[in-house]
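What follows is a single structure, written as structure tokens, with notes after it.
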Amino acid sequence: MLLLPKHYKSDCCEAVMRSEDYAKAYRDAREALYLRGNKIGRQIYGQDGLRYCLVGGLPLTDREVFKEAWSEAIADEIVHDLAECISPYPHGCLECDKLWEKYELATAGYLEIFTIHRIAVDKQDSTALAERGSLLDRAAEMP
């Protein structure tokens, strides 16, 4: 059973979703996941500033909650509509937004690796320094 927010019109690209509508869509997505038998936990905010919702014990971003509840296309559209509403910069290219999101995740990963490296150098931890190379290799292979 596909539960979509009653107020959400996926065929209307011109509509700008207000913050209250976004919050309602988020609540509806959590409810849809709950009704499918998923254990829905509390919301937490990560160091990256993003909100995460524990679904089945896994932390999911808002976009991932929408994707799990409905579909990737609907998730992209809801997040895109909110971004248009709150951002002073023009959006409109979902592919560009996805690439930007991948860039942000990759940057966060590299920052974590370099932080580990800095701590290992400060502590003169040769094991951690050796592992840094494999971490960088894995990060470079990420899509």
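Please note that chains go A, B, ... in the order of the structure tokens, that every chain numbers its residues from 1, and that ligands are numbered from 1 in the order shown.
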Write out as a PDB file with N, CA and C atoms, in the first residue's frame the residues lying within 10 Å of segment 37-54 of chain A, counting only C-alpha atoms and excluding same-chain residues fewer than 6 positions away.
```pdb
ATOM      1  N   ARG A  30       7.030   8.897   8.016  1.00  0.00           N
ATOM      2  CA  ARG A  30       7.338   8.084   9.207  1.00  0.00           C
ATOM      3  C   ARG A  30       6.160   7.157   9.527  1.00  0.00           C
ATOM      4  N   GLU A  31       4.944   7.693   9.411  1.00  0.00           N
ATOM      5  CA  GLU A  31       3.755   6.887   9.683  1.00  0.00           C
ATOM      6  C   GLU A  31       3.640   5.738   8.674  1.00  0.00           C
ATOM      7  N   LEU A  60      18.400   7.330   9.247  1.00  0.00           N
ATOM      8  CA  LEU A  60      18.091   7.746   7.878  1.00  0.00           C
ATOM      9  C   LEU A  60      17.896   9.252   7.837  1.00  0.00           C
ATOM     10  N   THR A  61      18.425   9.890   6.794  1.00  0.00           N
ATOM     11  CA  THR A  61      18.183  11.313   6.581  1.00  0.00           C
ATOM     12  C   THR A  61      16.727  11.500   6.157  1.00  0.00           C
ATOM     13  N   ASP A  62      16.276  12.750   6.127  1.00  0.00           N
ATOM     14  CA  ASP A  62      14.909  13.028   5.667  1.00  0.00           C
ATOM     15  C   ASP A  62      14.675  12.417   4.287  1.00  0.00           C
ATOM     16  N   ARG A  63      15.604  12.641   3.373  1.00  0.00           N
ATOM     17  CA  ARG A  63      15.457  12.142   2.009  1.00  0.00           C
ATOM     18  C   ARG A  63      15.340  10.623   2.008  1.00  0.00           C
ATOM     19  N   GLU A  64      16.150   9.961   2.831  1.00  0.00           N
ATOM     20  CA  GLU A  64      16.096   8.505   2.892  1.00  0.00           C
ATOM     21  C   GLU A  64      14.769   8.015   3.485  1.00  0.00           C
ATOM     22  N   VAL A  65      14.224   8.771   4.447  1.00  0.00           N
ATOM     23  CA  VAL A  65      12.909   8.425   5.013  1.00  0.00           C
ATOM     24  C   VAL A  65      11.852   8.514   3.918  1.00  0.00           C
ATOM     25  N   GLU A 104      29.299  16.482  -0.904  1.00  0.00           N
ATOM     26  CA  GLU A 104      29.283  16.767   0.527  1.00  0.00           C
ATOM     27  C   GLU A 104      29.636  15.523   1.339  1.00  0.00           C
ATOM     28  N   LEU A 105      29.079  14.364   0.957  1.00  0.00           N
ATOM     29  CA  LEU A 105      29.377  13.122   1.668  1.00  0.00           C
ATOM     30  C   LEU A 105      30.844  12.736   1.510  1.00  0.00           C
ATOM     31  N   ALA A 108      32.985  15.016   3.669  1.00  0.00           N
ATOM     32  CA  ALA A 108      32.892  14.629   5.082  1.00  0.00           C
ATOM     33  C   ALA A 108      33.750  13.391   5.350  1.00  0.00           C
TER      34      ALA A 108
END
```
Alpha helix (DSSP H) per DSSP on the backbone: members of segment 17-56 of chain A, as a PDB file with all heavy atoms, in the first residue's frame:
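Below is the file that was written, part_23.pdb:
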```
ATOM      1  N   SER A  19       7.277  25.118   4.716  1.00  0.00           N
ATOM      2  CA  SER A  19       7.883  24.338   5.800  1.00  0.00           C
ATOM      3  C   SER A  19       6.872  23.452   6.509  1.00  0.00           C
ATOM      4  O   SER A  19       7.172  22.311   6.849  1.00  0.00           O
ATOM      5  CB  SER A  19       8.546  25.273   6.806  1.00  0.00           C
ATOM      6  OG  SER A  19       9.598  25.963   6.205  1.00  0.00           O
ATOM      7  N   GLU A  20       5.644  23.965   6.729  1.00  0.00           N
ATOM      8  CA  GLU A  20       4.633  23.141   7.408  1.00  0.00           C
ATOM      9  C   GLU A  20       4.268  21.937   6.560  1.00  0.00           C
ATOM     10  O   GLU A  20       4.029  20.847   7.081  1.00  0.00           O
ATOM     11  CB  GLU A  20       3.332  23.888   7.693  1.00  0.00           C
ATOM     12  CG  GLU A  20       3.285  25.304   8.133  1.00  0.00           C
ATOM     13  CD  GLU A  20       3.665  26.381   7.145  1.00  0.00           C
ATOM     14  OE1 GLU A  20       2.932  26.669   6.183  1.00  0.00           O
ATOM     15  OE2 GLU A  20       4.713  26.983   7.382  1.00  0.00           O
ATOM     16  N   ASP A  21       4.194  22.132   5.260  1.00  0.00           N
ATOM     17  CA  ASP A  21       3.871  21.025   4.357  1.00  0.00           C
ATOM     18  C   ASP A  21       4.981  19.973   4.380  1.00  0.00           C
ATOM     19  O   ASP A  21       4.718  18.778   4.351  1.00  0.00           O
ATOM     20  CB  ASP A  21       3.657  21.529   2.930  1.00  0.00           C
ATOM     21  CG  ASP A  21       2.420  22.406   2.798  1.00  0.00           C
ATOM     22  OD1 ASP A  21       1.482  22.236   3.602  1.00  0.00           O
ATOM     23  OD2 ASP A  21       2.404  23.254   1.900  1.00  0.00           O
ATOM     24  N   TYR A  22       6.217  20.449   4.427  1.00  0.00           N
ATOM     25  CA  TYR A  22       7.358  19.536   4.488  1.00  0.00           C
ATOM     26  C   TYR A  22       7.296  18.716   5.776  1.00  0.00           C
ATOM     27  O   TYR A  22       7.474  17.492   5.763  1.00  0.00           O
ATOM     28  CB  TYR A  22       8.665  20.321   4.415  1.00  0.00           C
ATOM     29  CG  TYR A  22       9.891  19.444   4.430  1.00  0.00           C
ATOM     30  CD1 TYR A  22      10.403  18.911   3.253  1.00  0.00           C
ATOM     31  CD2 TYR A  22      10.546  19.147   5.618  1.00  0.00           C
ATOM     32  CE1 TYR A  22      11.527  18.110   3.254  1.00  0.00           C
ATOM     33  CE2 TYR A  22      11.671  18.344   5.631  1.00  0.00           C
ATOM     34  CZ  TYR A  22      12.158  17.838   4.450  1.00  0.00           C
ATOM     35  OH  TYR A  22      13.275  17.032   4.462  1.00  0.00           O
ATOM     36  N   ALA A  23       7.025  19.388   6.892  1.00  0.00           N
ATOM     37  CA  ALA A  23       6.932  18.704   8.186  1.00  0.00           C
ATOM     38  C   ALA A  23       5.809  17.660   8.151  1.00  0.00           C
ATOM     39  O   ALA A  23       5.964  16.549   8.669  1.00  0.00           O
ATOM     40  CB  ALA A  23       6.709  19.707   9.305  1.00  0.00           C
ATOM     41  N   LYS A  24       4.691  17.996   7.523  1.00  0.00           N
ATOM     42  CA  LYS A  24       3.562  17.060   7.415  1.00  0.00           C
ATOM     43  C   LYS A  24       3.966  15.870   6.547  1.00  0.00           C
ATOM     44  O   LYS A  24       3.675  14.717   6.890  1.00  0.00           O
ATOM     45  CB  LYS A  24       2.338  17.752   6.832  1.00  0.00           C
ATOM     46  CG  LYS A  24       1.196  16.809   6.490  1.00  0.00           C
ATOM     47  CD  LYS A  24      -0.032  17.035   7.315  1.00  0.00           C
ATOM     48  CE  LYS A  24      -1.209  16.186   6.921  1.00  0.00           C
ATOM     49  NZ  LYS A  24      -1.044  14.759   7.067  1.00  0.00           N
ATOM     50  N   ALA A  25       4.633  16.125   5.441  1.00  0.00           N
ATOM     51  CA  ALA A  25       5.092  15.044   4.571  1.00  0.00           C
ATOM     52  C   ALA A  25       6.057  14.125   5.328  1.00  0.00           C
ATOM     53  O   ALA A  25       5.987  12.898   5.201  1.00  0.00           O
ATOM     54  CB  ALA A  25       5.757  15.608   3.323  1.00  0.00           C
ATOM     55  N   TYR A  26       6.921  14.716   6.144  1.00  0.00           N
ATOM     56  CA  TYR A  26       7.880  13.933   6.936  1.00  0.00           C
ATOM     57  C   TYR A  26       7.148  13.049   7.950  1.00  0.00           C
ATOM     58  O   TYR A  26       7.450  11.862   8.084  1.00  0.00           O
ATOM     59  CB  TYR A  26       8.856  14.887   7.626  1.00  0.00           C
ATOM     60  CG  TYR A  26       9.937  14.195   8.409  1.00  0.00           C
ATOM     61  CD1 TYR A  26      11.001  13.570   7.767  1.00  0.00           C
ATOM     62  CD2 TYR A  26       9.896  14.162   9.797  1.00  0.00           C
ATOM     63  CE1 TYR A  26      12.003  12.935   8.480  1.00  0.00           C
ATOM     64  CE2 TYR A  26      10.891  13.532  10.524  1.00  0.00           C
ATOM     65  CZ  TYR A  26      11.939  12.926   9.864  1.00  0.00           C
ATOM     66  OH  TYR A  26      12.918  12.291  10.572  1.00  0.00           O
ATOM     67  N   ARG A  27       6.165  13.623   8.639  1.00  0.00           N
ATOM     68  CA  ARG A  27       5.375  12.836   9.596  1.00  0.00           C
ATOM     69  C   ARG A  27       4.624  11.710   8.876  1.00  0.00           C
ATOM     70  O   ARG A  27       4.560  10.580   9.364  1.00  0.00           O
ATOM     71  CB  ARG A  27       4.386  13.726  10.356  1.00  0.00           C
ATOM     72  CG  ARG A  27       5.024  14.613  11.406  1.00  0.00           C
ATOM     73  CD  ARG A  27       3.990  15.301  12.301  1.00  0.00           C
ATOM     74  NE  ARG A  27       2.949  16.029  11.593  1.00  0.00           N
ATOM     75  CZ  ARG A  27       3.056  17.296  11.180  1.00  0.00           C
ATOM     76  NH1 ARG A  27       4.147  17.983  11.440  1.00  0.00           N
ATOM     77  NH2 ARG A  27       2.054  17.876  10.556  1.00  0.00           N
ATOM     78  N   ASP A  28       4.054  12.020   7.711  1.00  0.00           N
ATOM     79  CA  ASP A  28       3.323  11.019   6.939  1.00  0.00           C
ATOM     80  C   ASP A  28       4.258   9.889   6.485  1.00  0.00           C
ATOM     81  O   ASP A  28       3.859   8.723   6.481  1.00  0.00           O
ATOM     82  CB  ASP A  28       2.655  11.652   5.719  1.00  0.00           C
ATOM     83  CG  ASP A  28       1.493  12.572   6.077  1.00  0.00           C
ATOM     84  OD1 ASP A  28       1.046  12.545   7.244  1.00  0.00           O
ATOM     85  OD2 ASP A  28       1.040  13.322   5.191  1.00  0.00           O
ATOM     86  N   ALA A  29       5.479  10.231   6.104  1.00  0.00           N
ATOM     87  CA  ALA A  29       6.446   9.219   5.677  1.00  0.00           C
ATOM     88  C   ALA A  29       6.814   8.303   6.843  1.00  0.00           C
ATOM     89  O   ALA A  29       6.866   7.078   6.688  1.00  0.00           O
ATOM     90  CB  ALA A  29       7.700   9.891   5.115  1.00  0.00           C
ATOM     91  N   ARG A  30       7.030   8.897   8.016  1.00  0.00           N
ATOM     92  CA  ARG A  30       7.338   8.084   9.207  1.00  0.00           C
ATOM     93  C   ARG A  30       6.160   7.157   9.527  1.00  0.00           C
ATOM     94  O   ARG A  30       6.349   5.993   9.855  1.00  0.00           O
ATOM     95  CB  ARG A  30       7.656   8.986  10.396  1.00  0.00           C
ATOM     96  CG  ARG A  30       9.023   9.648  10.306  1.00  0.00           C
ATOM     97  CD  ARG A  30       9.254  10.679  11.399  1.00  0.00           C
ATOM     98  NE  ARG A  30       8.813  10.260  12.709  1.00  0.00           N
ATOM     99  CZ  ARG A  30       9.612  10.019  13.740  1.00  0.00           C
ATOM    100  NH1 ARG A  30      10.913  10.169  13.604  1.00  0.00           N
ATOM    101  NH2 ARG A  30       9.121   9.664  14.904  1.00  0.00           N
ATOM    102  N   GLU A  31       4.944   7.693   9.411  1.00  0.00           N
ATOM    103  CA  GLU A  31       3.755   6.887   9.683  1.00  0.00           C
ATOM    104  C   GLU A  31       3.640   5.738   8.674  1.00  0.00           C
ATOM    105  O   GLU A  31       3.317   4.603   9.042  1.00  0.00           O
ATOM    106  CB  GLU A  31       2.497   7.746   9.640  1.00  0.00           C
ATOM    107  CG  GLU A  31       1.235   6.967   9.921  1.00  0.00           C
ATOM    108  CD  GLU A  31      -0.034   7.808   9.860  1.00  0.00           C
ATOM    109  OE1 GLU A  31       0.045   9.000   9.524  1.00  0.00           O
ATOM    110  OE2 GLU A  31      -1.102   7.247  10.143  1.00  0.00           O
ATOM    111  N   ALA A  32       3.911   6.021   7.403  1.00  0.00           N
ATOM    112  CA  ALA A  32       3.843   4.976   6.378  1.00  0.00           C
ATOM    113  C   ALA A  32       4.838   3.853   6.689  1.00  0.00           C
ATOM    114  O   ALA A  32       4.508   2.671   6.563  1.00  0.00           O
ATOM    115  CB  ALA A  32       4.121   5.573   4.999  1.00  0.00           C
ATOM    116  N   LEU A  33       6.030   4.224   7.118  1.00  0.00           N
ATOM    117  CA  LEU A  33       7.028   3.212   7.467  1.00  0.00           C
ATOM    118  C   LEU A  33       6.595   2.416   8.693  1.00  0.00           C
ATOM    119  O   LEU A  33       6.755   1.195   8.742  1.00  0.00           O
ATOM    120  CB  LEU A  33       8.385   3.878   7.709  1.00  0.00           C
ATOM    121  CG  LEU A  33       9.045   4.482   6.470  1.00  0.00           C
ATOM    122  CD1 LEU A  33      10.278   5.286   6.850  1.00  0.00           C
ATOM    123  CD2 LEU A  33       9.391   3.401   5.467  1.00  0.00           C
ATOM    124  N   TYR A  34       6.024   3.092   9.665  1.00  0.00           N
ATOM    125  CA  TYR A  34       5.533   2.430  10.868  1.00  0.00           C
ATOM    126  C   TYR A  34       4.423   1.430  10.528  1.00  0.00           C
ATOM    127  O   TYR A  34       4.414   0.303  11.016  1.00  0.00           O
ATOM    128  CB  TYR A  34       5.024   3.465  11.873  1.00  0.00           C
ATOM    129  CG  TYR A  34       4.366   2.857  13.085  1.00  0.00           C
ATOM    130  CD1 TYR A  34       5.125   2.292  14.099  1.00  0.00           C
ATOM    131  CD2 TYR A  34       2.980   2.837  13.204  1.00  0.00           C
ATOM    132  CE1 TYR A  34       4.522   1.715  15.205  1.00  0.00           C
ATOM    133  CE2 TYR A  34       2.363   2.267  14.301  1.00  0.00           C
ATOM    134  CZ  TYR A  34       3.137   1.701  15.297  1.00  0.00           C
ATOM    135  OH  TYR A  34       2.534   1.129  16.386  1.00  0.00           O
ATOM    136  N   LEU A  35       3.505   1.850   9.664  1.00  0.00           N
ATOM    137  CA  LEU A  35       2.390   0.983   9.281  1.00  0.00           C
ATOM    138  C   LEU A  35       2.850  -0.251   8.508  1.00  0.00           C
ATOM    139  O   LEU A  35       2.150  -1.253   8.448  1.00  0.00           O
ATOM    140  CB  LEU A  35       1.350   1.759   8.471  1.00  0.00           C
ATOM    141  CG  LEU A  35       0.577   2.821   9.265  1.00  0.00           C
ATOM    142  CD1 LEU A  35      -0.306   3.646   8.338  1.00  0.00           C
ATOM    143  CD2 LEU A  35      -0.245   2.170  10.380  1.00  0.00           C
TER     144      LEU A  35
END
```
Between atom CA of His117 of chain A and atom CA of Arg132 of chain A, distance in Å (one decimal):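 Between atom CA of His117 of chain A and atom CA of Arg132 of chain A the gap is 6.5 Å.
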A:Ala106, A:Glu95, A:Lys67, A:Trp100 ranked by distance to Glu141 of chain A, top pick (using only C-alpha atoms): A:Ala106
Atomic distance atom CA of Glu72 of chain A - atom CA of Gly57 of chain A, expressed in Å with one decimal: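 Taking atom CA of Glu72 of chain A as the start and atom CA of Gly57 of chain A as the end point, the length is 20.7 Å.
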Polymer residues at most 12 Å from Ala140 of chain A, only C-alpha atoms, same-chain spacing of 3 or more positions, as a list of chain:residue names: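 Here the answer would be A:Tyr103, A:Ala106, A:Thr107, A:Gly109, A:Tyr110, A:Ile113, A:Gly133, A:Ser134, A:Leu135, A:Leu136, A:Asp137, A:Pro143.
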Computed interatomic separation between atom CA of Leu99 of chain A and atom CA of Ala69 of chain A (Å):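 Spanning atom CA of Leu99 of chain A to atom CA of Ala69 of chain A is a straight-line distance of 22.6 Å.
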Proximity to Ile74 of chain A - best of A:Ala130, A:Leu94, A:Ile119, A:Val55, only C-alpha atoms: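 The answer is A:Leu94, which sits nearest to Ile74 of chain A.
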Those in segment 2-136 of chain A with strand (DSSP E) from DSSP, as a list in words: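 DSSP-assigned strand (DSSP E) residues in segment 2-136 of chain A: Ile40, Gly41, Arg42, Gln43, Ile44, Tyr45, Arg51, Tyr52, Cys53, Leu54, Val55, Leu58, Pro59, Leu60 and Thr61 of chain A.
Of the listed residues (A:Leu58, A:Trp70, A:Lys102, A:Glu131), A:Glu131 comes nearest to Ile116 of chain A; the distances count only C-alpha atoms.
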